[in-house]
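Engineer: Below you will find the structure I want to go over with you.
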Amino acid sequence: MRNILIAGATSAIAQETAKHFAQDGDNLFLVARNPEKLQAVADDLQARGAAKVATLNMDMNAIDRHEEMWHAAEGAIGTIDTLLVAYGVLPDQQACSKDIQRTLETFQTNTLSVIALLTIAANIFADQHYGTLAVISSVAGDRGRQSNYIYGASKGALNIFLQGLRNRLYKANVHVLTIKPGMVDTPMTAHLRKGPLFTNPQAVGEKIYQAIVKRVDTLYVPWYWRWVMVVIKAIPESLFKRLSL
Amino acid sequence: MKRYESWGRYPQAPAKEIRTMFWRNDDFPIKEDRLPMLAYGKGRSYGDVCLNEGGVLVDTEHLKRLIAFDEKNGILRCEAGLGLDDILEIIVPKGWFLPVTPGTKYITVGGAIANDVHGKNHHKAGTFGRHVTQFELLRSDGRRLHCSPDENSDLFRATIGGLGLTGFITWAEFKLIPINTAGIIEEKIRFANLNEFFEISGSSDKDYEYTVAWVDCLASGEHLGRGIFMRGNHATGGFPLDPHHGVRLGVPVDFPNFVLNPLSMKLFNEAYYNVQRQKEVRLVTHYEPFFYPLDAVKRWNRIYGRRGFLQYQCVVPPTDGVEAIREIIRRIAHSGNASFLAVLKEFGDIPSPGLLSFPRRGITLTLDIPFQGMPTLQLLSRLDEIVRQVGGALYPAKDARMSAENFQTFYPQWQEFSQYIDPRFSSSFWRRVTNNQEGA
Ligand SMILES: Cc1cc2nc3c(=O)[nH]c(=O)nc-3n(C[C@H](O)[C@H](O)[C@H](O)COP(=O)(O)OP(=O)(O)OC[C@H]3O[C@@H](n4cnc5c(N)ncnc54)[C@H](O)[C@@H]3O)c2cc1C
Ligand SMILES: NC(=O)c1ccc[n+]([C@@H]2O[C@H](COP(=O)([O-])OP(=O)(O)OC[C@H]3O[C@@H](n4cnc5c(N)ncnc54)[C@H](OP(=O)(O)O)[C@@H]3O)[C@@H](O)[C@H]2O)c1
């Protein structure tokens, strides 16, 4: 049985992932910033069969509270063995290009606070010699494009950080999973037109669950994004810079 | 990419905009554009009750959280977009089952209430709405009304079977029934004609929870109305409590229209009837093939090709109706406009709580008819006449074409119902059957 801490538990993708753990009868500690949504998610997972569900209402940008959060989680459900980091923001690229504040806020949420949390978690897992760190990044972090490079860079930094952690923690038996979804139909993308490349959060949640259980290193989801990104990454920069992607 | 069609794929009546509710406490996705709105579940209605041409469809797909599952007393509270398929996965292992289920599990709780759906146990359990204990109705003015038999009881009755017109159901609570296993003890009995059907049906209603019959609509003369009667009860032992599993076949592309020609239909019907050699067969089966044989093929509606198909479901009164059913089957057989599936069942007399609900005491016949333009519409109009003459009615969830005049005859309470409609809500169906083109 797992003891799972989910940071950003009200994310659509996180909810779909958590359902599988609830069905397995695991213990869940859910953290999110909106209390009403958090309660709705907790009730759902409890009714779906989770052994214990406890919640904490907080903004993940409150980095100085991360340690306190971890203690609260251990107090509520016991030693944590799985951390799923699901929160994130998708800022408007156009607005960001002219707005330093917004750009930096994106990095604060998507990158810096995640790195802060992972630092705490990595040391705890390294000491206990087990644990899974699963972090939702994005295919957008694989190459910078004019239409989405603030978000892309904020996730790209995570990818490199996670590679390093994986390498460092391998000997400590700690599993590090980098999750790279393509476009998913969730509140984050509600304002975008839905083309055929969009996937639903159920499909993504199921794959994340399986990747956690099977201790996968990097998950592209759906799978074809791995090959799409191989192609995108292979385009020489001299040509890439001319494209309107 | 998701398509917002109805199951019969006729008519094609595209909405101007799709909006989504992600959380049950979200504000209504309402704007100043004054477009008429309508909730959209899984689009398993056949005609246009779930369509809103030129208006807004509010997708309920993300409203699928459980709120509370009382495993001791069998009471489930959940958001309105949750599918019966998901619900079964959760409740069956705990020894509970749906109080009423239609012939597909891919419908939402909101859709089950709005069409006040019925199943093979209508004679024992009535409609789905009878098992609903409470729900929340979000009106376009932002009010959230708690509705139950005791609170806002008028809106409670109007919303059950209210075709989505009284507002948006955010969550609902309903009662489950206990089961010991996921199995059904099923008996299949061949009958040679309609008289035999009524005999078997009459003698089965008391001891069998579930009854329904498949009728060979292409057989005529002395074989008219022959078919197979299916009845069953939940098995009490010898079967685990496993829910259904996800593996399904799919129909990936539109079938060319010639696949379902009169000859292929006739062969199908012959084969189905004759495959059962003995007069009577008894078996224990999982609930999945018993209740949801069609769910085995994902998107089977596509076998009817691009033109789509129509479903026709009527109910006629018990005694006067017998001759009407005979006449309808005769007309179908003669038309050559074959029906792949014809289903016959006797409804019981348990009243529906819904003001506008379709099920009522009598005999109900359901036909699938490939859409072949004018001749199809003419044939069905003639069937409408027969239904009307004996004081029967048609099921809005299956309809894409009944006239306003007929609807208003079948549902004389429609005007009383109108006072409960949310002023910002409408559907293609409602505009059609009330002759009102306003708003879209
Ligand atoms: C193979 C098959 C077999 C079937 N067998 C049966 C049967 O045996 N008995 C039977 O009764 N029906 C049967 N049906 C019809 C089906 O059960 C109904 O049409 C059902 O209402 C479809 O539910 P849905 O969730 O797809 O809703 P939709 O078809 O998307 O919508 C149906 C209505 O519900 C309203 N609605 C949906 N959600 C909400 C909400 N949250 N708030 C307010 N209104 C809402 C819509 O506005 C619309 O008016 C069958 C359908 C199929 C495809
Ligand atoms: N959707 C996609 O196409 C897509 C593609 C690739 C990667 N991703 C990534 O997938 C993850 C999950 O997103 P989603 O698609 O499931 O969208 P979502 O449902 O909108 O989830 C985003 C979540 O992040 C939370 N959040 C944002 N800032 C926060 C903060 N400072 N503190 C706490 N919580 C915060 C939001 O909380 P509130 O509800 O309170 O705002 C929300 O629950 C994100 O990391 C996203 O970048 C998404």
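Ligands are numbered from 1 in the order shown, residues from 1 within each chain, and chains are lettered A, B, ... in the order they appear in the structure tokens.
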Define the interface residues of chain A facing chain B as those within 10 Å, counting only C-alpha atoms, and report them as a tab-separated table (two decimals) with N, CA, C and O atoms, in the first residue's frame.

Structural biologist:
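Contents of selection.tsv, freshly written:
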```tsv
chain	number	residue	atom	x	y	z
A	12	ALA	N	-6.67	18.44	-13.17
A	12	ALA	CA	-7.49	17.41	-13.81
A	12	ALA	C	-6.68	16.13	-14.01
A	12	ALA	O	-7.17	15.02	-13.80
A	15	GLN	N	-6.18	14.35	-10.67
A	15	GLN	CA	-7.39	13.64	-10.22
A	15	GLN	C	-7.51	12.29	-10.90
A	15	GLN	O	-7.85	11.29	-10.29
A	23	GLN	N	-8.49	3.46	-5.93
A	23	GLN	CA	-9.04	2.13	-6.20
A	23	GLN	C	-8.18	1.02	-5.60
A	23	GLN	O	-8.68	-0.02	-5.20
A	36	GLU	N	-12.57	24.65	-1.81
A	36	GLU	CA	-13.80	24.02	-2.28
A	36	GLU	C	-13.51	22.87	-3.26
A	36	GLU	O	-14.05	21.77	-3.15
A	37	LYS	N	-12.62	23.15	-4.21
A	37	LYS	CA	-12.25	22.11	-5.17
A	37	LYS	C	-11.52	20.97	-4.46
A	37	LYS	O	-11.74	19.79	-4.76
A	39	GLN	N	-11.89	19.90	-1.47
A	39	GLN	CA	-12.86	19.05	-0.78
A	39	GLN	C	-13.58	18.14	-1.77
A	39	GLN	O	-13.79	16.95	-1.50
A	40	ALA	N	-13.93	18.68	-2.94
A	40	ALA	CA	-14.63	17.87	-3.95
A	40	ALA	C	-13.76	16.69	-4.39
A	40	ALA	O	-14.24	15.57	-4.56
A	41	VAL	N	-12.47	16.95	-4.56
A	41	VAL	CA	-11.56	15.88	-4.98
A	41	VAL	C	-11.38	14.85	-3.86
A	41	VAL	O	-11.41	13.64	-4.09
A	42	ALA	N	-11.24	15.35	-2.63
A	42	ALA	CA	-11.05	14.45	-1.49
A	42	ALA	C	-12.27	13.53	-1.32
A	42	ALA	O	-12.12	12.32	-1.14
A	43	ASP	N	-13.46	14.11	-1.43
A	43	ASP	CA	-14.68	13.30	-1.29
A	43	ASP	C	-14.73	12.21	-2.35
A	43	ASP	O	-15.10	11.06	-2.10
A	44	ASP	N	-14.38	12.59	-3.57
A	44	ASP	CA	-14.42	11.64	-4.68
A	44	ASP	C	-13.47	10.47	-4.42
A	44	ASP	O	-13.85	9.31	-4.55
A	45	LEU	N	-12.24	10.79	-4.03
A	45	LEU	CA	-11.25	9.73	-3.85
A	45	LEU	C	-11.58	8.85	-2.66
A	45	LEU	O	-11.35	7.64	-2.67
A	46	GLN	N	-12.14	9.48	-1.63
A	46	GLN	CA	-12.56	8.69	-0.48
A	46	GLN	C	-13.65	7.69	-0.90
A	46	GLN	O	-13.56	6.51	-0.60
A	47	ALA	N	-14.64	8.19	-1.64
A	47	ALA	CA	-15.75	7.31	-2.05
A	47	ALA	C	-15.30	6.23	-3.02
A	47	ALA	O	-15.91	5.18	-3.14
A	48	ARG	N	-14.20	6.50	-3.73
A	48	ARG	CA	-13.70	5.50	-4.68
A	48	ARG	C	-12.84	4.44	-4.01
A	48	ARG	O	-12.30	3.57	-4.69
A	49	GLY	N	-12.63	4.56	-2.72
A	49	GLY	CA	-11.98	3.44	-2.04
A	49	GLY	C	-10.64	3.71	-1.41
A	49	GLY	O	-9.99	2.79	-0.91
A	185	ASP	N	-6.97	17.98	-22.65
A	185	ASP	CA	-8.20	18.76	-22.48
A	185	ASP	C	-8.52	18.93	-20.98
A	185	ASP	O	-9.16	18.09	-20.38
A	186	THR	N	-8.02	20.00	-20.40
A	186	THR	CA	-8.22	20.28	-18.96
A	186	THR	C	-8.53	21.77	-18.81
A	186	THR	O	-8.45	22.51	-19.79
A	187	PRO	N	-8.84	22.22	-17.60
A	187	PRO	CA	-9.11	23.65	-17.43
A	187	PRO	C	-7.95	24.52	-17.93
A	187	PRO	O	-8.17	25.64	-18.40
A	190	ALA	N	-8.63	25.21	-21.48
A	190	ALA	CA	-10.05	25.43	-21.81
A	190	ALA	C	-10.22	26.52	-22.87
A	190	ALA	O	-11.15	26.48	-23.67
A	191	HIS	N	-9.28	27.49	-22.89
A	191	HIS	CA	-9.42	28.61	-23.82
A	191	HIS	C	-8.91	28.28	-25.22
A	191	HIS	O	-9.07	29.06	-26.15
A	194	LYS	N	-9.85	22.93	-29.60
A	194	LYS	CA	-9.45	21.53	-29.46
A	194	LYS	C	-9.27	20.86	-30.82
A	194	LYS	O	-10.24	20.61	-31.53
A	195	GLY	N	-8.02	20.62	-31.19
A	195	GLY	CA	-7.74	19.90	-32.42
A	195	GLY	C	-7.60	18.41	-32.15
A	195	GLY	O	-7.76	17.98	-31.01
A	196	PRO	N	-7.30	17.63	-33.18
A	196	PRO	CA	-7.20	16.17	-33.02
A	196	PRO	C	-6.02	15.74	-32.14
A	196	PRO	O	-5.98	14.60	-31.70
A	197	LEU	N	-5.07	16.64	-31.88
A	197	LEU	CA	-3.93	16.25	-31.06
A	197	LEU	C	-4.24	16.25	-29.57
A	197	LEU	O	-3.41	15.85	-28.76
A	198	PHE	N	-5.42	16.71	-29.18
A	198	PHE	CA	-5.76	16.74	-27.77
A	198	PHE	C	-6.14	15.36	-27.24
A	198	PHE	O	-6.79	14.58	-27.92
A	199	THR	N	-5.71	15.08	-26.03
A	199	THR	CA	-6.06	13.82	-25.37
A	199	THR	C	-6.92	14.15	-24.15
A	199	THR	O	-6.87	15.28	-23.66
A	200	ASN	N	-7.63	13.17	-23.63
A	200	ASN	CA	-8.39	13.45	-22.42
A	200	ASN	C	-7.57	13.09	-21.17
A	200	ASN	O	-6.65	12.28	-21.22
A	201	PRO	N	-7.88	13.73	-20.06
A	201	PRO	CA	-7.08	13.51	-18.84
A	201	PRO	C	-7.14	12.08	-18.31
A	201	PRO	O	-6.18	11.62	-17.69
```

Engineer: Kindly work out which residues sit at most 7 Å from ligand 2, using only C-alpha atoms and all ligand atoms, and give the list as JSON, numbers by chain.

Structural biologist: {"A": [8, 9, 10, 11, 12, 13, 14, 32, 33, 34, 58, 59, 60, 61, 86, 87, 88, 89, 90, 109, 110, 136, 137, 138, 139, 180, 181, 182, 183, 184, 185, 186, 187, 188, 189]}

Engineer: Write to file, as a CSV table (one decimal), in the first residue's frame, the residues of the selection just made, with N, CA, C and O atoms.

Structural biologist:
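File produced: selection-v2.csv:
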```csv
chain,number,residue,atom,x,y,z
A,8,GLY,N,-0.9,19.9,-5.8
A,8,GLY,CA,-1.7,20.3,-6.9
A,8,GLY,C,-2.8,19.3,-7.2
A,8,GLY,O,-3.0,18.9,-8.4
A,9,ALA,N,-3.4,18.8,-6.2
A,9,ALA,CA,-4.3,17.6,-6.3
A,9,ALA,C,-5.6,18.0,-7.1
A,9,ALA,O,-6.3,17.1,-7.5
A,10,THR,N,-5.9,19.3,-7.2
A,10,THR,CA,-7.1,19.6,-8.0
A,10,THR,C,-6.9,19.6,-9.5
A,10,THR,O,-7.8,19.9,-10.3
A,11,SER,N,-5.6,19.4,-9.9
A,11,SER,CA,-5.4,19.4,-11.4
A,11,SER,C,-6.2,18.2,-12.0
A,11,SER,O,-6.3,17.2,-11.4
A,12,ALA,N,-6.7,18.4,-13.2
A,12,ALA,CA,-7.5,17.4,-13.8
A,12,ALA,C,-6.7,16.1,-14.0
A,12,ALA,O,-7.2,15.0,-13.8
A,13,ILE,N,-5.4,16.3,-14.4
A,13,ILE,CA,-4.6,15.1,-14.6
A,13,ILE,C,-4.3,14.4,-13.3
A,13,ILE,O,-4.3,13.2,-13.2
A,14,ALA,N,-4.0,15.2,-12.3
A,14,ALA,CA,-3.8,14.6,-11.0
A,14,ALA,C,-5.0,13.8,-10.5
A,14,ALA,O,-4.9,12.7,-9.9
A,32,ALA,N,-3.8,21.5,-2.2
A,32,ALA,CA,-4.2,22.4,-3.3
A,32,ALA,C,-4.6,23.8,-2.7
A,32,ALA,O,-4.8,23.9,-1.5
A,33,ARG,N,-4.7,24.8,-3.5
A,33,ARG,CA,-4.9,26.1,-3.0
A,33,ARG,C,-6.4,26.5,-2.9
A,33,ARG,O,-6.7,27.5,-2.2
A,34,ASN,N,-7.3,25.8,-3.6
A,34,ASN,CA,-8.7,26.2,-3.6
A,34,ASN,C,-9.4,25.2,-2.7
A,34,ASN,O,-9.6,24.0,-3.0
A,58,MET,N,-3.0,24.9,0.7
A,58,MET,CA,-2.0,25.9,0.6
A,58,MET,C,-1.5,26.2,-0.8
A,58,MET,O,-1.7,25.4,-1.7
A,59,ASP,N,-0.9,27.4,-1.0
A,59,ASP,CA,-0.4,27.8,-2.2
A,59,ASP,C,1.1,27.2,-2.3
A,59,ASP,O,1.9,27.4,-1.4
A,60,MET,N,1.4,26.5,-3.3
A,60,MET,CA,2.7,25.9,-3.4
A,60,MET,C,3.8,26.8,-3.5
A,60,MET,O,5.0,26.5,-3.4
A,61,ASN,N,3.5,28.1,-3.9
A,61,ASN,CA,4.5,29.1,-3.9
A,61,ASN,C,5.0,29.5,-2.5
A,61,ASN,O,6.0,30.2,-2.4
A,86,ALA,N,1.9,18.0,-9.5
A,86,ALA,CA,1.0,18.2,-10.6
A,86,ALA,C,0.6,19.6,-10.9
A,86,ALA,O,0.1,19.9,-12.0
A,87,TYR,N,0.9,20.5,-10.0
A,87,TYR,CA,0.5,21.9,-10.2
A,87,TYR,C,1.3,22.6,-11.2
A,87,TYR,O,2.5,22.2,-11.5
A,88,GLY,N,0.8,23.6,-11.8
A,88,GLY,CA,1.5,24.3,-12.8
A,88,GLY,C,0.6,25.4,-13.5
A,88,GLY,O,-0.6,25.3,-13.3
A,89,VAL,N,1.2,26.3,-14.1
A,89,VAL,CA,0.5,27.4,-14.8
A,89,VAL,C,0.9,27.4,-16.3
A,89,VAL,O,2.1,27.2,-16.6
A,90,LEU,N,0.0,27.8,-17.1
A,90,LEU,CA,0.3,28.0,-18.6
A,90,LEU,C,0.0,29.4,-18.9
A,90,LEU,O,-1.2,29.8,-19.0
A,109,THR,N,6.3,29.5,-10.0
A,109,THR,CA,5.4,28.3,-9.8
A,109,THR,C,5.8,27.0,-10.5
A,109,THR,O,5.9,26.0,-9.8
A,110,ASN,N,6.2,27.1,-11.8
A,110,ASN,CA,6.4,25.9,-12.5
A,110,ASN,C,7.8,25.3,-12.2
A,110,ASN,O,8.0,24.1,-12.3
A,136,ILE,N,5.0,16.2,-13.2
A,136,ILE,CA,4.4,16.5,-14.5
A,136,ILE,C,5.1,17.7,-15.1
A,136,ILE,O,5.0,18.8,-14.6
A,137,SER,N,5.9,17.4,-16.1
A,137,SER,CA,6.5,18.5,-16.9
A,137,SER,C,5.7,18.7,-18.2
A,137,SER,O,4.5,18.7,-18.1
A,138,SER,N,6.3,18.7,-19.4
A,138,SER,CA,5.6,18.9,-20.6
A,138,SER,C,6.5,18.7,-21.8
A,138,SER,O,7.7,18.9,-21.7
A,139,VAL,N,5.9,18.2,-22.9
A,139,VAL,CA,6.6,18.1,-24.2
A,139,VAL,C,7.2,19.5,-24.6
A,139,VAL,O,8.2,19.6,-25.3
A,180,LYS,N,5.9,13.8,-19.5
A,180,LYS,CA,5.8,14.8,-20.5
A,180,LYS,C,4.5,14.6,-21.3
A,180,LYS,O,4.5,13.9,-22.4
A,181,PRO,N,3.4,15.2,-20.9
A,181,PRO,CA,2.2,15.1,-21.7
A,181,PRO,C,2.2,16.0,-22.9
A,181,PRO,O,2.9,17.1,-22.9
A,182,GLY,N,1.5,15.6,-23.9
A,182,GLY,CA,1.2,16.5,-25.0
A,182,GLY,C,0.0,17.4,-24.6
A,182,GLY,O,-0.2,17.7,-23.4
A,183,MET,N,-0.8,17.8,-25.5
A,183,MET,CA,-1.9,18.7,-25.2
A,183,MET,C,-3.1,17.8,-24.6
A,183,MET,O,-3.5,16.8,-25.2
A,184,VAL,N,-3.6,18.3,-23.5
A,184,VAL,CA,-4.6,17.6,-22.7
A,184,VAL,C,-5.8,18.5,-22.5
A,184,VAL,O,-5.6,19.7,-22.2
A,185,ASP,N,-7.0,18.0,-22.6
A,185,ASP,CA,-8.2,18.8,-22.5
A,185,ASP,C,-8.5,18.9,-21.0
A,185,ASP,O,-9.2,18.1,-20.4
A,186,THR,N,-8.0,20.0,-20.4
A,186,THR,CA,-8.2,20.3,-19.0
A,186,THR,C,-8.5,21.8,-18.8
A,186,THR,O,-8.5,22.5,-19.8
A,187,PRO,N,-8.8,22.2,-17.6
A,187,PRO,CA,-9.1,23.7,-17.4
A,187,PRO,C,-8.0,24.5,-17.9
A,187,PRO,O,-8.2,25.6,-18.4
A,188,MET,N,-6.7,24.0,-17.8
A,188,MET,CA,-5.6,24.8,-18.3
A,188,MET,C,-5.7,25.2,-19.8
A,188,MET,O,-5.2,26.2,-20.2
A,189,THR,N,-6.3,24.3,-20.5
A,189,THR,CA,-6.4,24.5,-22.0
A,189,THR,C,-7.8,24.8,-22.4
A,189,THR,O,-8.1,24.8,-23.6
```

Engineer: Which residues are near ligand 1 in this structure, taking near to mean any atom at most 6 Å from a ligand atom and counting only C-alpha atoms and all ligand atoms? Format them as a VMD selection string.

Structural biologist: chain B and resid 7 38 to 45 49 to 50 80 to 81 102 to 104 107 to 108 110 to 112 114 to 115 117 to 119 163 to 164 167 to 170 294 397

Engineer: Generate a file of the selected residues that holds C-alpha atoms, formatted as a PDB file, in the first residue's frame.

Structural biologist:
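As written to disk, part_4.pdb reads:
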```pdb
ATOM      1  CA  TRP B   7     -26.631   8.681 -31.319  1.00  0.00           C
ATOM      2  CA  LEU B  38     -28.573  23.058 -23.032  1.00  0.00           C
ATOM      3  CA  ALA B  39     -26.630  20.502 -21.016  1.00  0.00           C
ATOM      4  CA  TYR B  40     -24.966  17.719 -23.016  1.00  0.00           C
ATOM      5  CA  GLY B  41     -24.266  14.331 -21.407  1.00  0.00           C
ATOM      6  CA  LYS B  42     -22.888  11.536 -23.575  1.00  0.00           C
ATOM      7  CA  GLY B  43     -25.169  12.175 -26.542  1.00  0.00           C
ATOM      8  CA  ARG B  44     -26.772   8.725 -26.234  1.00  0.00           C
ATOM      9  CA  SER B  45     -30.162  10.162 -27.076  1.00  0.00           C
ATOM     10  CA  VAL B  49     -33.287  16.290 -27.309  1.00  0.00           C
ATOM     11  CA  CYS B  50     -29.548  16.649 -26.642  1.00  0.00           C
ATOM     12  CA  ALA B  80     -24.322  14.775 -12.932  1.00  0.00           C
ATOM     13  CA  GLY B  81     -21.816  13.994 -15.678  1.00  0.00           C
ATOM     14  CA  PRO B 102     -31.199   1.467 -20.030  1.00  0.00           C
ATOM     15  CA  GLY B 103     -29.753  -0.732 -22.782  1.00  0.00           C
ATOM     16  CA  THR B 104     -26.408   1.068 -22.696  1.00  0.00           C
ATOM     17  CA  ILE B 107     -25.031   7.507 -20.305  1.00  0.00           C
ATOM     18  CA  THR B 108     -24.703  10.106 -17.566  1.00  0.00           C
ATOM     19  CA  GLY B 110     -27.939  13.869 -15.726  1.00  0.00           C
ATOM     20  CA  GLY B 111     -29.155  12.188 -18.919  1.00  0.00           C
ATOM     21  CA  ALA B 112     -30.819   9.397 -16.943  1.00  0.00           C
ATOM     22  CA  ALA B 114     -33.596  14.342 -17.903  1.00  0.00           C
ATOM     23  CA  ASN B 115     -35.087  11.512 -19.972  1.00  0.00           C
ATOM     24  CA  VAL B 117     -34.956   6.452 -18.463  1.00  0.00           C
ATOM     25  CA  HIS B 118     -36.448   2.996 -18.068  1.00  0.00           C
ATOM     26  CA  GLY B 119     -35.079  -0.514 -18.280  1.00  0.00           C
ATOM     27  CA  LEU B 163     -35.498  16.983 -21.241  1.00  0.00           C
ATOM     28  CA  GLY B 164     -32.805  19.234 -19.783  1.00  0.00           C
ATOM     29  CA  GLY B 167     -31.854  24.129 -15.795  1.00  0.00           C
ATOM     30  CA  PHE B 168     -28.557  22.406 -15.185  1.00  0.00           C
ATOM     31  CA  ILE B 169     -28.329  19.458 -12.782  1.00  0.00           C
ATOM     32  CA  THR B 170     -24.973  19.722 -11.009  1.00  0.00           C
ATOM     33  CA  LEU B 294     -24.754  -3.452 -27.896  1.00  0.00           C
ATOM     34  CA  ALA B 397     -35.202  10.556 -26.212  1.00  0.00           C
TER      35      ALA B 397
END
```

Engineer: List every residue of region 5-169 of chain A that DSSP, applied to the backbone of this structure, assigns to alpha helix (DSSP H), and report them as a PyMOL selection string.

Structural biologist: chain A and resi 12-23+35-47+66-77+93-97+100-107+113-128+149-169

Engineer: Please provide as a list in words all residues within 9 Å of Gly232 (chain B), with the sequence filter that same-chain residues fewer than 2 positions apart are discarded (counting only C-alpha atoms).

Structural biologist: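 The residues satisfying every condition are Ile184, Ile185, Glu186, Glu187, Lys188, Tyr208, Glu209, Tyr210, Thr211, Met230, His234, Ala235 and Phe290 of chain B.
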
Engineer: Tell me, in Å to one decimal, how far CA of Val315 (chain B) is from CA of Ser201 (chain B).

Structural biologist: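 According to the coordinates, CA of Val315 (chain B) and CA of Ser201 (chain B) are separated by 15.7 Å.
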
Engineer: Would you mind telling me which residue in B:Thr166, B:Thr60, B:Ser403, B:Ser335 lies nearest to Pro375 (chain B) when using only C-alpha atoms?

Structural biologist: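 Smallest distance to Pro375 (chain B) is found for B:Ser335.
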